[in-house]
$ cat final37.tsv   # TSV, C-alpha atoms and all ligand atoms
chain	number	residue	atom	x	y	z
A	1	MET	CA	80.33	123.27	-143.96
A	2	SER	CA	77.74	124.72	-146.33
A	3	GLU	CA	74.03	124.60	-145.56
A	4	SER	CA	73.36	122.35	-148.59
A	5	VAL	CA	75.93	119.76	-147.50
A	6	LYS	CA	74.51	119.84	-144.01
A	7	ILE	CA	70.99	119.25	-145.26
A	8	GLU	CA	72.11	116.33	-147.46
A	9	ASN	CA	73.74	114.70	-144.46
A	10	ARG	CA	70.81	115.10	-142.15
A	11	GLY	CA	69.15	111.98	-140.92
A	12	LYS	CA	72.48	110.14	-140.78
A	13	VAL	CA	73.73	109.90	-137.21
A	14	LYS	CA	77.50	110.52	-137.12
A	15	ILE	CA	79.36	110.85	-133.85
A	16	THR	CA	82.25	113.24	-133.21
A	17	PRO	CA	84.85	112.46	-130.48
A	18	SER	CA	83.20	115.02	-128.15
A	19	GLY	CA	79.80	113.46	-128.96
A	20	SER	CA	81.05	110.13	-127.61
A	21	ILE	CA	81.02	111.66	-124.08
A	22	PHE	CA	77.24	111.38	-124.34
A	23	PHE	CA	77.51	107.55	-124.47
A	24	ILE	CA	80.18	107.39	-121.77
A	25	ILE	CA	77.79	109.20	-119.40
A	26	HIS	CA	75.24	106.42	-120.03
A	27	LEU	CA	77.79	103.74	-119.16
A	28	LEU	CA	79.35	105.34	-116.06
A	29	PRO	CA	76.49	104.36	-113.65
A	30	LEU	CA	77.27	100.70	-114.44
A	31	LEU	CA	80.53	101.11	-112.51
A	32	VAL	CA	78.52	100.65	-109.28
A	33	PHE	CA	78.62	96.92	-110.13
A	34	VAL	CA	82.44	96.87	-109.94
A	35	PRO	CA	83.20	94.94	-106.73
A	36	GLY	CA	84.74	97.06	-103.99
A	37	LEU	CA	84.30	100.44	-105.73
A	38	THR	CA	81.45	101.67	-103.53
A	39	GLY	CA	83.15	100.73	-100.27
A	40	GLY	CA	80.81	97.89	-99.44
A	41	ALA	CA	77.83	100.15	-98.80
A	42	GLY	CA	76.62	99.85	-102.40
A	43	VAL	CA	74.03	102.25	-103.74
A	44	THR	CA	72.13	103.94	-100.91
A	45	VAL	CA	68.65	105.47	-100.60
A	46	PHE	CA	70.42	108.83	-100.47
A	47	ASP	CA	71.97	108.19	-103.93
A	48	TRP	CA	68.56	107.41	-105.43
A	49	GLY	CA	67.08	110.47	-103.71
A	50	ILE	CA	69.79	112.64	-105.27
A	51	CYS	CA	69.13	111.02	-108.65
A	52	ILE	CA	65.44	111.99	-108.54
A	53	PHE	CA	66.15	115.42	-107.06
A	54	LEU	CA	68.82	116.32	-109.63
A	55	TYR	CA	66.60	115.10	-112.47
A	56	PHE	CA	63.73	117.46	-111.58
A	57	LEU	CA	65.87	120.37	-110.38
A	58	ARG	CA	67.90	120.32	-113.58
A	59	MET	CA	64.83	119.73	-115.76
A	60	TYR	CA	63.73	123.09	-114.42
A	61	PHE	CA	67.14	124.49	-115.37
A	62	VAL	CA	66.66	123.21	-118.93
A	63	THR	CA	63.08	124.39	-119.37
A	64	GLY	CA	63.09	127.56	-117.28
A	65	ILE	CA	66.57	128.75	-118.24
A	66	TYR	CA	67.94	127.40	-121.55
A	67	HIS	CA	64.49	127.44	-123.05
A	68	ARG	CA	62.14	130.03	-121.57
A	69	TYR	CA	64.84	132.57	-120.62
A	70	PHE	CA	67.73	132.39	-123.09
A	71	SER	CA	65.93	131.06	-126.17
A	72	HIS	CA	62.68	133.00	-125.89
A	73	ARG	CA	63.34	135.88	-123.43
A	74	THR	CA	59.95	135.30	-121.78
A	75	TYR	CA	60.96	136.96	-118.49
A	76	LYS	CA	63.63	139.35	-117.25
A	77	THR	CA	66.26	139.27	-114.55
A	78	SER	CA	69.40	141.09	-113.33
A	79	ARG	CA	72.80	140.59	-114.90
A	80	TRP	CA	74.26	138.73	-111.89
A	81	PHE	CA	71.27	136.38	-111.61
A	82	GLN	CA	71.38	135.80	-115.37
A	83	PHE	CA	74.90	134.44	-114.88
A	84	VAL	CA	73.72	132.24	-111.99
A	85	LEU	CA	70.91	130.93	-114.21
A	86	ALA	CA	73.33	130.20	-117.07
A	87	PHE	CA	75.69	128.39	-114.70
A	88	CYS	CA	72.83	126.26	-113.33
A	89	ALA	CA	71.57	125.41	-116.85
A	90	GLN	CA	75.01	124.19	-117.90
A	91	THR	CA	75.21	121.68	-115.02
A	92	THR	CA	72.97	119.54	-117.28
A	93	ILE	CA	75.85	118.87	-119.74
A	94	GLN	CA	73.81	120.23	-122.64
A	95	LYS	CA	76.57	122.63	-123.77
A	96	GLY	CA	76.66	126.41	-123.39
A	97	VAL	CA	73.56	128.56	-123.01
A	98	LEU	CA	74.43	130.53	-126.15
A	99	TRP	CA	74.89	127.31	-128.16
A	100	TRP	CA	71.62	125.85	-126.86
A	101	ALA	CA	69.46	128.94	-127.30
A	102	ALA	CA	70.81	129.90	-130.75
A	103	HIS	CA	70.01	126.45	-132.16
A	104	HIS	CA	66.60	126.43	-130.54
A	105	ARG	CA	65.78	129.74	-132.21
A	106	ILE	CA	66.64	128.17	-135.58
A	107	HIS	CA	64.22	125.35	-134.74
A	108	HIS	CA	61.37	127.82	-134.23
A	109	LYS	CA	62.15	129.78	-137.40
A	110	THR	CA	62.38	126.68	-139.59
A	111	SER	CA	60.25	124.13	-137.74
A	112	ASP	CA	59.72	120.92	-139.74
A	113	THR	CA	61.33	122.36	-142.88
A	114	PRO	CA	64.68	121.08	-144.26
A	115	ALA	CA	66.60	123.77	-142.33
A	116	ASP	CA	65.19	122.62	-138.96
A	117	PRO	CA	68.11	121.12	-136.97
A	118	HIS	CA	65.90	118.36	-135.54
A	119	SER	CA	62.73	117.63	-137.48
A	120	MET	CA	61.48	114.15	-136.65
A	121	LYS	CA	59.13	114.29	-139.63
A	122	LEU	CA	62.00	114.88	-142.08
A	123	TYR	CA	64.99	113.24	-140.41
A	124	GLY	CA	63.53	110.48	-138.28
A	125	PHE	CA	63.53	109.73	-134.56
A	126	TRP	CA	67.24	109.13	-133.85
A	127	TYR	CA	68.54	112.14	-135.75
A	128	SER	CA	65.97	114.50	-134.17
A	129	HIS	CA	66.48	112.99	-130.70
A	130	ILE	CA	70.31	112.88	-130.50
A	131	GLY	CA	71.93	112.70	-133.95
A	132	TRP	CA	71.79	116.40	-134.77
A	133	PHE	CA	74.05	117.44	-131.89
A	134	LEU	CA	76.28	114.33	-131.65
A	135	GLY	CA	77.62	114.83	-135.17
A	136	PRO	CA	79.64	117.66	-136.72
A	137	ASP	CA	76.72	119.68	-138.21
A	138	TYR	CA	75.84	121.76	-135.15
A	139	ASN	CA	78.98	121.69	-133.04
A	140	GLU	CA	79.66	125.41	-133.19
A	141	THR	CA	77.70	128.16	-131.43
A	142	HIS	CA	75.61	130.11	-133.96
A	143	PHE	CA	76.52	133.53	-132.51
A	144	GLU	CA	74.60	135.41	-135.22
A	145	GLY	CA	71.36	134.06	-133.80
A	146	ILE	CA	72.03	135.03	-130.18
A	147	LYS	CA	73.52	138.55	-130.42
A	148	ASP	CA	71.29	139.79	-127.57
A	149	TYR	CA	73.10	137.59	-125.01
A	150	ALA	CA	76.45	137.26	-126.79
A	151	LYS	CA	77.13	140.89	-125.79
A	152	PHE	CA	77.82	139.71	-122.21
A	153	PRO	CA	81.48	138.63	-121.90
A	154	GLU	CA	80.74	136.45	-118.86
A	155	LEU	CA	78.24	134.43	-120.94
A	156	ILE	CA	80.73	134.06	-123.81
A	157	TRP	CA	83.24	132.76	-121.25
A	158	LEU	CA	80.78	130.31	-119.69
A	159	ASN	CA	79.58	129.16	-123.12
A	160	LYS	CA	83.19	128.36	-124.07
A	161	TRP	CA	83.97	126.58	-120.79
A	162	HIS	CA	80.60	124.82	-120.74
A	163	TRP	CA	81.96	121.77	-118.94
A	164	VAL	CA	83.00	123.71	-115.81
A	165	PRO	CA	79.56	123.79	-114.07
A	166	PRO	CA	78.90	120.02	-114.44
A	167	LEU	CA	82.45	119.27	-113.30
A	168	LEU	CA	81.95	121.32	-110.14
A	169	LEU	CA	78.54	119.76	-109.45
A	170	GLY	CA	79.98	116.26	-109.97
A	171	VAL	CA	82.88	116.91	-107.57
A	172	PHE	CA	80.46	118.36	-105.02
A	173	MET	CA	78.30	115.22	-105.29
A	174	LEU	CA	81.35	113.03	-104.63
A	175	PHE	CA	82.12	114.98	-101.42
A	176	LEU	CA	78.46	115.10	-100.36
A	177	GLY	CA	78.10	111.34	-100.90
A	178	ALA	CA	81.27	110.75	-98.87
A	179	LYS	CA	79.85	112.79	-96.00
A	180	VAL	CA	76.31	111.37	-96.04
A	181	ASN	CA	77.09	107.74	-96.92
A	182	GLY	CA	80.46	107.51	-95.19
A	183	GLY	CA	80.26	110.09	-92.40
A	184	ASP	CA	83.32	112.03	-93.58
A	185	TRP	CA	83.77	114.56	-96.42
A	186	PHE	CA	86.88	112.61	-97.52
A	187	ALA	CA	85.44	109.08	-97.30
A	188	PHE	CA	85.43	108.93	-101.10
A	189	SER	CA	84.79	105.20	-101.39
A	190	ALA	CA	81.33	105.93	-99.94
A	191	GLY	CA	80.80	108.86	-102.33
A	192	TRP	CA	81.34	107.18	-105.70
A	193	SER	CA	77.81	105.77	-105.75
A	194	THR	CA	76.36	109.28	-105.25
A	195	LEU	CA	78.43	110.52	-108.18
A	196	LEU	CA	77.52	107.58	-110.44
A	197	ILE	CA	73.81	107.23	-109.60
A	198	GLY	CA	72.92	110.64	-108.18
A	199	PHE	CA	74.77	112.68	-110.79
A	200	PHE	CA	75.51	110.62	-113.92
A	201	LEU	CA	72.37	108.45	-114.04
A	202	SER	CA	70.10	111.48	-113.49
A	203	THR	CA	72.05	113.28	-116.24
A	204	ALA	CA	71.40	110.42	-118.69
A	205	PHE	CA	67.66	110.44	-117.85
A	206	LEU	CA	67.65	114.21	-118.16
A	207	PHE	CA	69.18	114.00	-121.65
A	208	HIS	CA	66.36	111.81	-122.89
A	209	GLY	CA	63.61	113.69	-121.02
A	210	THR	CA	64.81	116.90	-122.67
A	211	TYR	CA	65.24	115.42	-126.13
A	212	THR	CA	61.71	114.01	-126.28
A	213	ILE	CA	60.70	117.62	-126.85
A	214	ASN	CA	62.81	117.78	-130.02
A	215	SER	CA	61.63	114.40	-131.25
A	216	LEU	CA	58.37	113.04	-129.80
A	217	THR	CA	56.43	116.31	-129.23
A	218	HIS	CA	56.59	116.84	-132.99
A	219	TYR	CA	54.81	113.53	-133.51
A	220	PHE	CA	52.66	112.23	-130.60
A	221	GLY	CA	49.73	114.20	-129.19
A	222	LYS	CA	47.09	116.70	-130.23
A	223	ALA	CA	47.44	120.02	-132.02
A	224	ARG	CA	45.05	122.62	-130.60
A	225	TYR	CA	46.43	125.43	-132.74
A	226	GLU	CA	47.34	125.73	-136.42
A	227	THR	CA	51.09	126.37	-136.27
A	228	GLY	CA	52.18	125.17	-139.71
A	229	ASP	CA	54.47	122.54	-138.17
A	230	GLU	CA	54.04	119.14	-136.50
A	231	SER	CA	54.13	120.35	-132.86
A	232	LYS	CA	51.73	118.60	-130.48
A	233	ASN	CA	50.42	118.85	-126.92
A	234	ASN	CA	51.11	115.75	-124.85
A	235	LEU	CA	50.33	115.27	-121.13
A	236	ILE	CA	52.85	112.45	-120.52
A	237	LEU	CA	55.67	114.48	-122.04
A	238	ALA	CA	54.55	117.54	-120.05
A	239	LEU	CA	54.85	115.50	-116.83
A	240	ILE	CA	58.37	114.25	-117.50
A	241	THR	CA	59.57	117.66	-118.70
A	242	MET	CA	57.88	119.91	-116.13
A	243	GLY	CA	55.53	121.54	-118.63
A	244	GLU	CA	57.33	121.43	-121.97
A	245	GLY	CA	54.94	118.84	-123.39
A	246	TRP	CA	52.46	121.59	-124.26
A	247	HIS	CA	54.61	122.07	-127.32
A	248	ASN	CA	51.85	122.98	-129.78
A	249	ASN	CA	50.81	125.80	-127.41
A	250	HIS	CA	54.44	126.87	-127.29
A	251	HIS	CA	54.94	126.92	-131.05
A	252	TYR	CA	51.76	128.94	-131.42
A	253	TYR	CA	52.87	131.59	-128.92
A	254	PRO	CA	56.56	131.20	-127.92
A	255	SER	CA	56.81	134.55	-126.11
A	256	SER	CA	54.77	133.37	-123.14
A	257	THR	CA	56.57	131.99	-120.06
A	258	ARG	CA	53.49	129.89	-119.52
A	259	GLN	CA	53.22	126.87	-121.83
A	260	GLY	CA	50.26	125.13	-120.17
A	261	PHE	CA	47.70	127.66	-121.42
A	262	PHE	CA	44.76	126.32	-119.37
A	263	TRP	CA	44.67	125.49	-115.65
A	264	TRP	CA	44.53	121.76	-116.30
A	265	GLU	CA	47.67	121.85	-118.45
A	266	ILE	CA	50.21	121.23	-115.70
A	267	ASP	CA	53.29	123.44	-116.09
A	268	PRO	CA	55.64	123.28	-113.05
A	269	THR	CA	58.29	125.36	-114.83
A	270	PHE	CA	55.85	128.25	-114.99
A	271	TYR	CA	54.84	127.87	-111.31
A	272	ILE	CA	58.49	127.86	-110.17
A	273	THR	CA	59.31	130.89	-112.33
A	274	LYS	CA	56.33	132.70	-110.75
A	275	MET	CA	57.80	131.88	-107.32
A	276	LEU	CA	61.16	133.34	-108.39
A	277	ALA	CA	59.25	136.45	-109.48
A	278	PHE	CA	57.45	136.56	-106.12
A	279	VAL	CA	60.77	136.78	-104.28
A	280	GLY	CA	62.03	139.39	-106.74
A	281	LEU	CA	64.79	137.42	-108.49
A	282	VAL	CA	63.06	137.62	-111.89
A	283	TRP	CA	60.30	139.81	-113.30
A	284	ASP	CA	58.00	140.46	-116.30
A	285	VAL	CA	56.93	136.80	-116.42
A	286	GLN	CA	54.68	136.52	-119.46
A	287	GLU	CA	51.14	135.08	-119.45
A	288	VAL	CA	49.07	134.08	-122.49
A	289	PRO	CA	46.83	136.81	-123.94
A	290	HIS	CA	43.11	135.96	-124.10
A	291	HIS	CA	42.88	136.29	-127.92
A	292	ILE	CA	45.79	133.82	-128.35
A	293	LYS	CA	44.44	131.29	-125.89
A	294	HIS	CA	40.95	131.18	-127.43
A	295	SER	CA	41.80	131.22	-131.13
A	296	LYS	CA	42.70	128.45	-133.60
A	297	ASN	CA	45.15	130.38	-135.74
A	298	ILE	CA	46.73	133.84	-135.97
A	299	LYS	CA	44.02	135.17	-138.31
A	300	GLU	CA	41.31	134.29	-135.78
A	301	ALA	CA	43.46	135.64	-132.92
A	302	MET	CA	43.77	139.02	-134.66
A	303	GLU	CA	39.99	139.10	-135.18
A	304	LEU	CA	39.35	138.34	-131.47
A	305	ARG	CA	41.80	141.06	-130.52
A	306	ARG	CA	40.05	143.59	-132.81
A	307	ILE	CA	36.65	142.75	-131.31
A	308	ALA	CA	38.01	143.12	-127.74
A	309	ILE	CA	39.53	146.54	-128.54
A	310	GLU	CA	36.26	147.72	-130.15
A	311	LYS	CA	34.24	146.57	-127.10
A	312	LYS	CA	36.58	148.45	-124.78
A	313	ALA	CA	36.28	151.63	-126.84
A	314	ALA	CA	32.46	151.45	-126.96
A	401	ZN	ZN	60.94	127.01	-127.88
A	402	ZN	ZN	59.41	122.32	-131.46
$ encode --input "final37.tsv" --output "structure tokens"
Amino acid sequence: MSESVKIENRGKVKITPSGSIFFIIHLLPLLVFVPGLTGGAGVTVFDWGICIFLYFLRMYFVTGIYHRYFSHRTYKTSRWFQFVLAFCAQTTIQKGVLWWAAHHRIHHKTSDTPADPHSMKLYGFWYSHIGWFLGPDYNETHFEGIKDYAKFPELIWLNKWHWVPPLLLGVFMLFLGAKVNGGDWFAFSAGWSTLLIGFFLSTAFLFHGTYTINSLTHYFGKARYETGDESKNNLILALITMGEGWHNNHHYYPSSTRQGFFWWEIDPTFYITKMLAFVGLVWDVQEVPHHIKHSKNIKEAMELRRIAIEKKAA
């Protein structure tokens, strides 16, 4: 499909057969209301605990891995741990790491212009929130934009078989629920509720938490920096996305691991990544340079940097 056709079609939400899985995942938790399915125990406190735990754990996987590692290379790690990270990220059912990161890089290059895959300003809320990836326009991995990671055959493999990690996590949740709710690893009737509420409901919430960054953070909030796009900083969105709501900061300086530039801008993804660095699993975690943090635009940042260098030399 040519770029011009794609652009003409933008804003219209079309759903491919694989895109319909997205809606099925929203409906699956309703199966807990089917009489007899959950073995009489119904939904347990454990199931709700897993739902909350898997939401936040996997929000970290989205923000710390798909976004701050694969899309922006803001920290480094070993090849084996890179594979572990990629596997974890893909348990979120947001497709392969190469697919995710390549499209996100296009977003930064073309933000709020017609070539942006998900500009809320140009294509409206629904298209920027879910329409862009549910339809045929962005189904394929844009390998040209992710050559740096596409050189690893294990990542190509995982990107192709992107549904394997969520399948394994889902099956594990069924067994775990059977054990905790039913007292036996094979008491499946007690495990369905863990799968439906703990896994699928948290996945549906995680979809929308993640996608607010593509839609709402380009509309609601304040812009501290002049970035030439509509990106905003928003505390509420930072809380539900573990630090991604500081989106104007991020568009201004995407190479920093830290997106909450000031101490009051809460950024749990950054704190967790620092902990991973502390135990030696990752390294070269990037902070925000002083001249970036305290400027309004790149011109002013360069001036602040020049002054600082001159002061040092004097
Ligand atoms: Zn980004
Ligand atoms: Zn953005």
$ residues_near_ligand --input "final37.tsv" --ligand "ligand ZN 401 (chain A)" --cutoff "8 Å" --atoms "all atoms listed in the file" --output "list in words"
His67, Arg68, Ser71, His72, His104, Arg105, His107, His108, His250, His251 and Pro254 of chain A
$ atom_distance --input "final37.tsv" --atom1 "atom CA of Ala187 of chain A" --atom2 "atom CA of Pro166 of chain A"
21.4 Å
$ residues_near_ligand --input "final37.tsv" --ligand "ligand ZN 402 (chain A)" --cutoff "9 Å" --atoms "all atoms listed in the file" --output "JSON, numbers by chain"
{"A": [104, 107, 108, 111, 112, 118, 119, 213, 214, 215, 217, 218, 229, 230, 231, 232, 247, 248, 250, 251]}
$ write_last_selection --input "final37.tsv" --atoms "C-alpha atoms" --output "PDB file, in the frame of the given file"
ATOM      1  CA  HIS A 104      66.600 126.430-130.540  1.00  0.00           C
ATOM      2  CA  HIS A 107      64.220 125.350-134.740  1.00  0.00           C
ATOM      3  CA  HIS A 108      61.370 127.820-134.230  1.00  0.00           C
ATOM      4  CA  SER A 111      60.250 124.130-137.740  1.00  0.00           C
ATOM      5  CA  ASP A 112      59.720 120.920-139.740  1.00  0.00           C
ATOM      6  CA  HIS A 118      65.900 118.360-135.540  1.00  0.00           C
ATOM      7  CA  SER A 119      62.730 117.630-137.480  1.00  0.00           C
ATOM      8  CA  ILE A 213      60.700 117.620-126.850  1.00  0.00           C
ATOM      9  CA  ASN A 214      62.810 117.780-130.020  1.00  0.00           C
ATOM     10  CA  SER A 215      61.630 114.400-131.250  1.00  0.00           C
ATOM     11  CA  THR A 217      56.430 116.310-129.230  1.00  0.00           C
ATOM     12  CA  HIS A 218      56.590 116.840-132.990  1.00  0.00           C
ATOM     13  CA  ASP A 229      54.470 122.540-138.170  1.00  0.00           C
ATOM     14  CA  GLU A 230      54.040 119.140-136.500  1.00  0.00           C
ATOM     15  CA  SER A 231      54.130 120.350-132.860  1.00  0.00           C
ATOM     16  CA  LYS A 232      51.730 118.600-130.480  1.00  0.00           C
ATOM     17  CA  HIS A 247      54.610 122.070-127.320  1.00  0.00           C
ATOM     18  CA  ASN A 248      51.850 122.980-129.780  1.00  0.00           C
ATOM     19  CA  HIS A 250      54.440 126.870-127.290  1.00  0.00           C
ATOM     20  CA  HIS A 251      54.940 126.920-131.050  1.00  0.00           C
TER      21      HIS A 251
END
$ residues_around --input "final37.tsv" --residues "Val43 of chain A" --least-positions-apart "6" --cutoff "12 Å" --atoms "only C-alpha atoms" --output "PyMOL selection string"
chain A and resi 29-34+36-37+49-51+177+181-182+189-198
$ closest_residue --input "final37.tsv" --among "A:Phe200, A:Phe220, A:Tyr69, A:Trp99" --to "Ile25 of chain A" --atoms "all atoms listed in the file"
A:Phe200
$ atom_distance --input "final37.tsv" --atom1 "atom CA of Phe143 of chain A" --atom2 "atom CA of Thr113 of chain A"
21.5 Å
$ axis_aligned_box --input "final37.tsv" --around "segment 9-17 of chain A" --padding-each-side "3 Å" --output "lines of an AutoDock Vina configuration file"
center_x = 77.0
center_y = 112.5
center_z = -137.5
size_x = 21.7
size_y = 11.2
size_z = 20.0
$ decode --input "final37.tsv" --residues "segment 80-100 of chain A" --atoms "N, CA and C atoms" --output "tab-separated table (two decimals), in the first residue's frame"
chain	number	residue	atom	x	y	z
A	80	TRP	N	21.73	-11.67	26.15
A	80	TRP	CA	20.77	-12.62	26.72
A	80	TRP	C	19.66	-11.87	27.47
A	81	PHE	N	20.03	-10.79	28.19
A	81	PHE	CA	18.99	-10.08	28.94
A	81	PHE	C	18.10	-9.27	28.00
A	82	GLN	N	18.65	-8.84	26.88
A	82	GLN	CA	17.85	-8.16	25.86
A	82	GLN	C	16.73	-9.09	25.36
A	83	PHE	N	17.06	-10.37	25.20
A	83	PHE	CA	16.04	-11.33	24.78
A	83	PHE	C	14.98	-11.51	25.88
A	84	VAL	N	15.45	-11.59	27.13
A	84	VAL	CA	14.50	-11.71	28.26
A	84	VAL	C	13.57	-10.50	28.28
A	85	LEU	N	14.15	-9.31	28.09
A	85	LEU	CA	13.34	-8.08	28.08
A	85	LEU	C	12.30	-8.13	26.96
A	86	ALA	N	12.74	-8.54	25.77
A	86	ALA	CA	11.83	-8.59	24.62
A	86	ALA	C	10.69	-9.57	24.89
A	87	PHE	N	11.03	-10.72	25.48
A	87	PHE	CA	10.03	-11.73	25.80
A	87	PHE	C	9.00	-11.14	26.79
A	88	CYS	N	9.50	-10.49	27.83
A	88	CYS	CA	8.61	-9.89	28.83
A	88	CYS	C	7.69	-8.85	28.18
A	89	ALA	N	8.27	-7.97	27.34
A	89	ALA	CA	7.47	-6.92	26.69
A	89	ALA	C	6.31	-7.53	25.91
A	90	GLN	N	6.59	-8.62	25.21
A	90	GLN	CA	5.58	-9.21	24.33
A	90	GLN	C	4.47	-9.95	25.09
A	91	THR	N	4.63	-10.15	26.41
A	91	THR	CA	3.51	-10.74	27.17
A	91	THR	C	2.32	-9.78	27.24
A	92	THR	N	2.52	-8.53	26.79
A	92	THR	CA	1.46	-7.52	26.85
A	92	THR	C	0.48	-7.61	25.67
A	93	ILE	N	0.77	-8.50	24.72
A	93	ILE	CA	-0.03	-8.63	23.48
A	93	ILE	C	-0.05	-7.31	22.70
A	94	GLN	N	1.11	-6.68	22.62
A	94	GLN	CA	1.21	-5.47	21.79
A	94	GLN	C	2.18	-5.72	20.63
A	95	LYS	N	2.13	-6.93	20.10
A	95	LYS	CA	2.94	-7.37	18.96
A	95	LYS	C	4.44	-7.40	19.28
A	96	GLY	N	5.23	-7.66	18.24
A	96	GLY	CA	6.67	-7.87	18.43
A	96	GLY	C	7.41	-6.59	18.80
A	97	VAL	N	8.55	-6.75	19.47
A	97	VAL	CA	9.32	-5.57	19.87
A	97	VAL	C	9.79	-4.77	18.66
A	98	LEU	N	10.14	-5.49	17.57
A	98	LEU	CA	10.64	-4.77	16.38
A	98	LEU	C	9.49	-3.99	15.73
A	99	TRP	N	8.31	-4.61	15.67
A	99	TRP	CA	7.13	-3.92	15.14
A	99	TRP	C	6.84	-2.66	15.96
A	100	TRP	N	6.81	-2.83	17.27
A	100	TRP	CA	6.42	-1.73	18.18
A	100	TRP	C	7.41	-0.57	18.06
